[in-house]
Amino acid sequence: MIKLVGLIPLFPLIGFLINGFFGKKLSKSLSGFIACSAILASFILSVVIFIEARHLPEHSQIVNLFSWISAGTLNIPFEFVVDPLSTWFLLIITGIGFLIHVYSTSYMHNDEGFSRFFTYLNLFVFFMLLLVLGNNFLIMFVGWEGVGLCSYLLIGFWFKNTEYNNAARKAFIMNRIGDLGFLLGILLIFVTFGSTSFDQVFSKAGTAEQGTITAIALLLFIGAMGKSAQIPLYTWLPDAMAGPTPVSALIHAATMVTAGIYMITRANVFYSISETASAVVAVVGVATALFAATIGLFQNDIKKILAYSTVSQLGLMFLGLGVGAYSSSVFHVTTHAFFKALLFLGAGSVIHAMGGEQDVRKMGGLKKALPITFITMLLGTIAISGVPGFSGFFSKDEILAHTYEHSPTLWFFGMLTSMLTAFYMFRLMFLTFWGGFRGTKEQHHHLHESPKAMTFPLIVLAILSVLGGVIGLPHFWGFHNFIGDHLEPLILRKNPSTLPHDTEWMLMGIASVAALAVIYVAYIIYRQRNIIPLNENDKMPALQKTIYHKYYVDEIYDAIVRKPLDAISTMFYKFVDKQIIDGIVEGVGSSVKGIGSVVRLAQQGDISFYIITMMLGVIGILLFTFLL
Amino acid sequence: MINGISINYYILLSAILFIIGSIGVMARRNSIIIFMCIELMLNAVNLLLVAFSTLHNDAKGQVFVFFIMAVAAAEVAVGLAILSMIYRNIKSIDTHLLSNLKN
């Protein structure tokens, strides 16, 4: 069956082609059915291959599909790799992808671009599968660019709105900056090792110079910064909420943004060799985590809060990668995919019920009207907040424990992020589901639970969010850490925890108490005192105002990047383009015209004059030929 | 040479005919005269070709002349047709009247 791995991305591609070419002629239900069944087929095959791949003697198998680029000594085959890491991601992508497809059939039902939406969604899954399955950096890059493209298409899905289009462009440009780093990294890998295939590159990694490895690792990390929204390239992700909510769930929470984590885990050999690069990853990760978490505290758009939470959680994952806890990061990717997809879909359900309203200040008391959404979202929130027993608790704890071992300072900031996460997530819950309704009467009348196609994925994801922790129960509890063992063959630098058990217990205890305490604080502020966040124009303390405006990062980028670029462009336009280039072009034209007006005088229309001229010319040529 | 006439005379005659033709083309205004002068120039060349062909005992020159005559015949047909069309349009065949290109 492993030989059939090529079929996994093929199904979404077929779905994409059918919906892309015939979508307008198909009925909505058929179009949705094709898209969903394509992903379901991929998911089933992924499960089969996942189980089979666990019994591979070498842990990984390369499936050669065809020779892709072959020119001289350059030979790049189109190969897929089936190993613990790629099959794990296959399950996440196709599994969560399927649930979100099902959800979308209902969420997007009244949209005129229904089949277009599923076309993009299938194309996205195709590229994402290509990204994780490719056995060389080039195939990965194709998938990498492809998901960027789909992200652009889906953020700007409602293309009639200029603001949404701008958000789409912002995402694309930010991603492109990262992609350039990634591309340079690939080129450097090719120059250094003469190949881009994972197996060849990683086996030779020890032979290269330390400096080269650091450069490669940092360039690859720049790529990851773009795709996985890390400082300084994170600003696109919160704006990406312009797309339909299922897109936010699938792309901007569960799958695409984890591509950076996947890539660094895949290339962990480089980061294991280069301490510098690892340190950069860890510091950028923790900085992003803390920074985004503080912004999340004062946001009022339900999707923006979740977006900043995503950026913050991705930061935690990079912190894990930076301290060498690769399998813990992948574990957190998995649990995060469960609860963040759940939270986004739940938010979508709320927005659906509120008739498009996204401002939490205008919600409140929705728990009676939306019982299933409420319960599932509550479970997701508990999971992300790190309440003991839920999935997020285990994955976060693993990352933080490894961080503590590495550097207690980083652990402190990670812990702080975790507490902030619990706070703003419960703030979101209290404002949305408790208290009195603050919207309009019309909205109140309209409130309803979402249809089954939307609640079913919520329930499945809620179960996964609660129980997802079992795949990575801590070793020191005497459990078998499934995911850690699963990924072990791929990780070069083994990072067994050397912390004494009581330290681990202490860390876990601190995390649990902190999470519960912060939730209680949020309860007091937003439930007992019923504090509603201020409006834009109200007076706020300076710090809150700064955070509310996202530290003015967009404005700063605008001032230091866009404005100078604009000024230079204007200068070039006015001087180089208008004066020099236009001068040359127009000069050519007017000089031809000038010469023409002089030479034209010879054209008198008198035939005998022409003939005499011709004769003289012929005689001249003859004389020239014979006499000279 | 043919009947003892030297090649020089043929060249001379041919040159005279050619010069008469070219002067006619340059100096005259009547299109038909110009046309005849062109024919004169062509035939001057023909004469020269035939003369040299005989001199060198090589038939190639005469074959070439046949081609020239055939092409000249075709050219006359086209040329006269153009002239008659010009006459229909401006009721004259004076070349000086055909100066509409100017400006």
# chains A, B, ... in the order shown; residues from 1 in each chain; ligands from 1

call {"tool": "interface_residues", "arguments": {"of": "chain A", "to": "chain B", "cutoff": "6 Å", "atoms": "only C-alpha atoms", "output": "number ranges by chain"}}
result
A: 604-606, 608, 612

call {"tool": "select_by_dssp", "arguments": {"residues": "chain B", "states": "alpha helix (DSSP H)", "output": "NGL selection string"}}
result
:B and (7-27 or 31-56 or 60-90)

call {"tool": "residues_around", "arguments": {"residues": "stretch 275-290 of chain A", "least_positions_apart": "4", "cutoff": "10 Å", "atoms": "only C-alpha atoms", "output": "ChimeraX atom specification"}}
result
/A:210-211,213-222,224-225,229-232,234,264,268,270-271,294-296,308-324,403,410-418,420-421

call {"tool": "atom_distance", "arguments": {"atom1": "atom CA of B:Gly21", "atom2": "atom CA of B:Leu40"}}
result
5.4 Å

call {"tool": "closest_residue", "arguments": {"among": "B:Ile38, B:Ile11, B:Val76, B:Leu48", "to": "A:Ile611", "atoms": "only C-alpha atoms"}}
result
B:Ile38

call {"tool": "atom_distance", "arguments": {"atom1": "atom CA of A:Val513", "atom2": "atom CA of A:Val387"}}
result
8.7 Å

call {"tool": "atom_distance", "arguments": {"atom1": "atom CA of B:Leu17", "atom2": "atom CA of B:Cys37"}}
result
9.2 Å

call {"tool": "closest_residue", "arguments": {"among": "B:Ile32, B:Gln62, B:Gly4, B:Ile68", "to": "B:Ala81", "atoms": "only C-alpha atoms"}}
result
B:Ile32

call {"tool": "residues_around", "arguments": {"residues": "B:Asn46", "least_positions_apart": "6", "cutoff": "12 Å", "atoms": "only C-alpha atoms", "output": "ChimeraX atom specification"}}
result
/B:10-11,13-15,17-18,39-40,52-53,61-70,72

call {"tool": "residues_around", "arguments": {"residues": "A:Asn300", "least_positions_apart": "3", "cutoff": "9 Å", "atoms": "only C-alpha atoms", "output": "number ranges by chain"}}
result
A: 296-297, 303-305, 358-361, 428, 533, 548

call {"tool": "closest_residue", "arguments": {"among": "A:Ile139, A:Val257, A:Ile177, A:Ala168", "to": "A:Trp68", "atoms": "only C-alpha atoms"}}
result
A:Ile139

call {"tool": "residues_around", "arguments": {"residues": "A:Thr498", "least_positions_apart": "6", "cutoff": "12 Å", "atoms": "only C-alpha atoms", "output": "number ranges by chain"}}
result
A: 401-406, 475-476, 504

call {"tool": "decode", "arguments": {"residues": "stretch 20-60 of chain B", "atoms": "N, CA and C atoms", "output": "mmCIF file, in the first residue's frame"}}
result
data_model
loop_
_atom_site.group_PDB
_atom_site.id
_atom_site.type_symbol
_atom_site.label_atom_id
_atom_site.label_comp_id
_atom_site.auth_asym_id
_atom_site.auth_seq_id
_atom_site.Cartn_x
_atom_site.Cartn_y
_atom_site.Cartn_z
ATOM 1 N N ILE B 20 20.955 56.134 -75.638
ATOM 2 C CA ILE B 20 19.750 56.769 -76.180
ATOM 3 C C ILE B 20 18.557 56.452 -75.279
ATOM 4 N N GLY B 21 18.467 55.143 -74.918
ATOM 5 C CA GLY B 21 17.353 54.720 -74.054
ATOM 6 C C GLY B 21 17.354 55.452 -72.736
ATOM 7 N N SER B 22 18.507 55.508 -72.085
ATOM 8 C CA SER B 22 18.500 56.132 -70.755
ATOM 9 C C SER B 22 18.257 57.621 -70.834
ATOM 10 N N ILE B 23 18.807 58.271 -71.858
ATOM 11 C CA ILE B 23 18.528 59.712 -71.984
ATOM 12 C C ILE B 23 17.041 59.926 -72.226
ATOM 13 N N GLY B 24 16.446 59.043 -73.066
ATOM 14 C CA GLY B 24 15.012 59.157 -73.321
ATOM 15 C C GLY B 24 14.217 59.016 -72.036
ATOM 16 N N VAL B 25 14.576 58.034 -71.248
ATOM 17 C CA VAL B 25 13.854 57.824 -69.989
ATOM 18 C C VAL B 25 13.955 59.049 -69.099
ATOM 19 N N MET B 26 15.162 59.627 -69.062
ATOM 20 C CA MET B 26 15.353 60.757 -68.144
ATOM 21 C C MET B 26 14.716 62.032 -68.664
ATOM 22 N N ALA B 27 14.759 62.222 -69.939
ATOM 23 C CA ALA B 27 14.395 63.535 -70.457
ATOM 24 C C ALA B 27 12.936 63.658 -70.868
ATOM 25 N N ARG B 28 12.340 62.591 -71.349
ATOM 26 C CA ARG B 28 10.995 62.737 -71.900
ATOM 27 C C ARG B 28 9.925 62.711 -70.836
ATOM 28 N N ARG B 29 8.768 63.314 -71.189
ATOM 29 C CA ARG B 29 7.667 63.361 -70.240
ATOM 30 C C ARG B 29 6.545 62.406 -70.621
ATOM 31 N N ASN B 30 6.524 62.047 -71.892
ATOM 32 C CA ASN B 30 5.459 61.162 -72.345
ATOM 33 C C ASN B 30 5.729 59.736 -71.862
ATOM 34 N N SER B 31 4.779 59.174 -71.157
ATOM 35 C CA SER B 31 4.985 57.864 -70.547
ATOM 36 C C SER B 31 5.290 56.796 -71.587
ATOM 37 N N ILE B 32 4.622 56.857 -72.742
ATOM 38 C CA ILE B 32 4.825 55.815 -73.738
ATOM 39 C C ILE B 32 6.232 55.873 -74.298
ATOM 40 N N ILE B 33 6.737 57.092 -74.501
ATOM 41 C CA ILE B 33 8.108 57.238 -74.991
ATOM 42 C C ILE B 33 9.069 56.658 -73.953
ATOM 43 N N ILE B 34 8.820 56.983 -72.682
ATOM 44 C CA ILE B 34 9.680 56.458 -71.610
ATOM 45 C C ILE B 34 9.690 54.943 -71.659
ATOM 46 N N PHE B 35 8.490 54.430 -71.865
ATOM 47 C CA PHE B 35 8.322 52.997 -71.903
ATOM 48 C C PHE B 35 9.144 52.388 -73.042
ATOM 49 N N MET B 36 9.032 53.023 -74.228
ATOM 50 C CA MET B 36 9.786 52.543 -75.391
ATOM 51 C C MET B 36 11.281 52.618 -75.117
ATOM 52 N N CYS B 37 11.707 53.658 -74.432
ATOM 53 C CA CYS B 37 13.124 53.821 -74.134
ATOM 54 C C CYS B 37 13.631 52.704 -73.223
ATOM 55 N N ILE B 38 12.751 52.314 -72.288
ATOM 56 C CA ILE B 38 13.138 51.202 -71.411
ATOM 57 C C ILE B 38 13.367 49.956 -72.250
ATOM 58 N N GLU B 39 12.441 49.753 -73.222
ATOM 59 C CA GLU B 39 12.582 48.592 -74.107
ATOM 60 C C GLU B 39 13.896 48.670 -74.885
ATOM 61 N N LEU B 40 14.215 49.890 -75.289
ATOM 62 C CA LEU B 40 15.453 50.095 -76.049
ATOM 63 C C LEU B 40 16.663 49.674 -75.215
ATOM 64 N N MET B 41 16.633 50.037 -73.932
ATOM 65 C CA MET B 41 17.740 49.681 -73.051
ATOM 66 C C MET B 41 17.834 48.171 -72.896
ATOM 67 N N LEU B 42 16.677 47.570 -72.747
ATOM 68 C CA LEU B 42 16.661 46.113 -72.603
ATOM 69 C C LEU B 42 17.263 45.448 -73.834
ATOM 70 N N ASN B 43 16.846 45.952 -75.002
ATOM 71 C CA ASN B 43 17.322 45.327 -76.226
ATOM 72 C C ASN B 43 18.799 45.585 -76.458
ATOM 73 N N ALA B 44 19.283 46.721 -75.955
ATOM 74 C CA ALA B 44 20.727 46.974 -76.046
ATOM 75 C C ALA B 44 21.477 45.892 -75.292
ATOM 76 N N VAL B 45 20.971 45.566 -74.136
ATOM 77 C CA VAL B 45 21.595 44.516 -73.334
ATOM 78 C C VAL B 45 21.505 43.181 -74.058
ATOM 79 N N ASN B 46 20.307 42.928 -74.651
ATOM 80 C CA ASN B 46 20.120 41.672 -75.379
ATOM 81 C C ASN B 46 21.163 41.518 -76.482
ATOM 82 N N LEU B 47 21.324 42.595 -77.208
ATOM 83 C CA LEU B 47 22.263 42.574 -78.324
ATOM 84 C C LEU B 47 23.666 42.207 -77.845
ATOM 85 N N LEU B 48 24.040 42.823 -76.750
ATOM 86 C CA LEU B 48 25.364 42.572 -76.198
ATOM 87 C C LEU B 48 25.511 41.112 -75.786
ATOM 88 N N LEU B 49 24.452 40.599 -75.154
ATOM 89 C CA LEU B 49 24.477 39.204 -74.697
ATOM 90 C C LEU B 49 24.645 38.250 -75.869
ATOM 91 N N VAL B 50 23.863 38.501 -76.921
ATOM 92 C CA VAL B 50 23.926 37.607 -78.084
ATOM 93 C C VAL B 50 25.309 37.670 -78.727
ATOM 94 N N ALA B 51 25.840 38.891 -78.802
ATOM 95 C CA ALA B 51 27.143 39.060 -79.440
ATOM 96 C C ALA B 51 28.218 38.281 -78.692
ATOM 97 N N PHE B 52 28.210 38.440 -77.364
ATOM 98 C CA PHE B 52 29.238 37.736 -76.588
ATOM 99 C C PHE B 52 29.023 36.236 -76.625
ATOM 100 N N SER B 53 27.728 35.840 -76.686
ATOM 101 C CA SER B 53 27.417 34.415 -76.759
ATOM 102 C C SER B 53 28.051 33.802 -78.000
ATOM 103 N N THR B 54 27.917 34.513 -79.128
ATOM 104 C CA THR B 54 28.494 33.997 -80.371
ATOM 105 C C THR B 54 30.013 34.001 -80.299
ATOM 106 N N LEU B 55 30.533 35.065 -79.716
ATOM 107 C CA LEU B 55 31.981 35.193 -79.621
ATOM 108 C C LEU B 55 32.593 34.018 -78.870
ATOM 109 N N HIS B 56 31.958 33.674 -77.756
ATOM 110 C CA HIS B 56 32.514 32.612 -76.918
ATOM 111 C C HIS B 56 31.996 31.236 -77.264
ATOM 112 N N ASN B 57 31.128 31.136 -78.320
ATOM 113 C CA ASN B 57 30.516 29.864 -78.675
ATOM 114 C C ASN B 57 29.829 29.203 -77.475
ATOM 115 N N ASP B 58 29.107 30.040 -76.784
ATOM 116 C CA ASP B 58 28.429 29.533 -75.578
ATOM 117 C C ASP B 58 26.957 29.912 -75.682
ATOM 118 N N ALA B 59 26.060 28.899 -75.643
ATOM 119 C CA ALA B 59 24.646 29.165 -75.874
ATOM 120 C C ALA B 59 23.951 29.799 -74.672
ATOM 121 N N LYS B 60 24.642 29.824 -73.556
ATOM 122 C CA LYS B 60 23.989 30.322 -72.330
ATOM 123 C C LYS B 60 23.469 31.744 -72.511
#
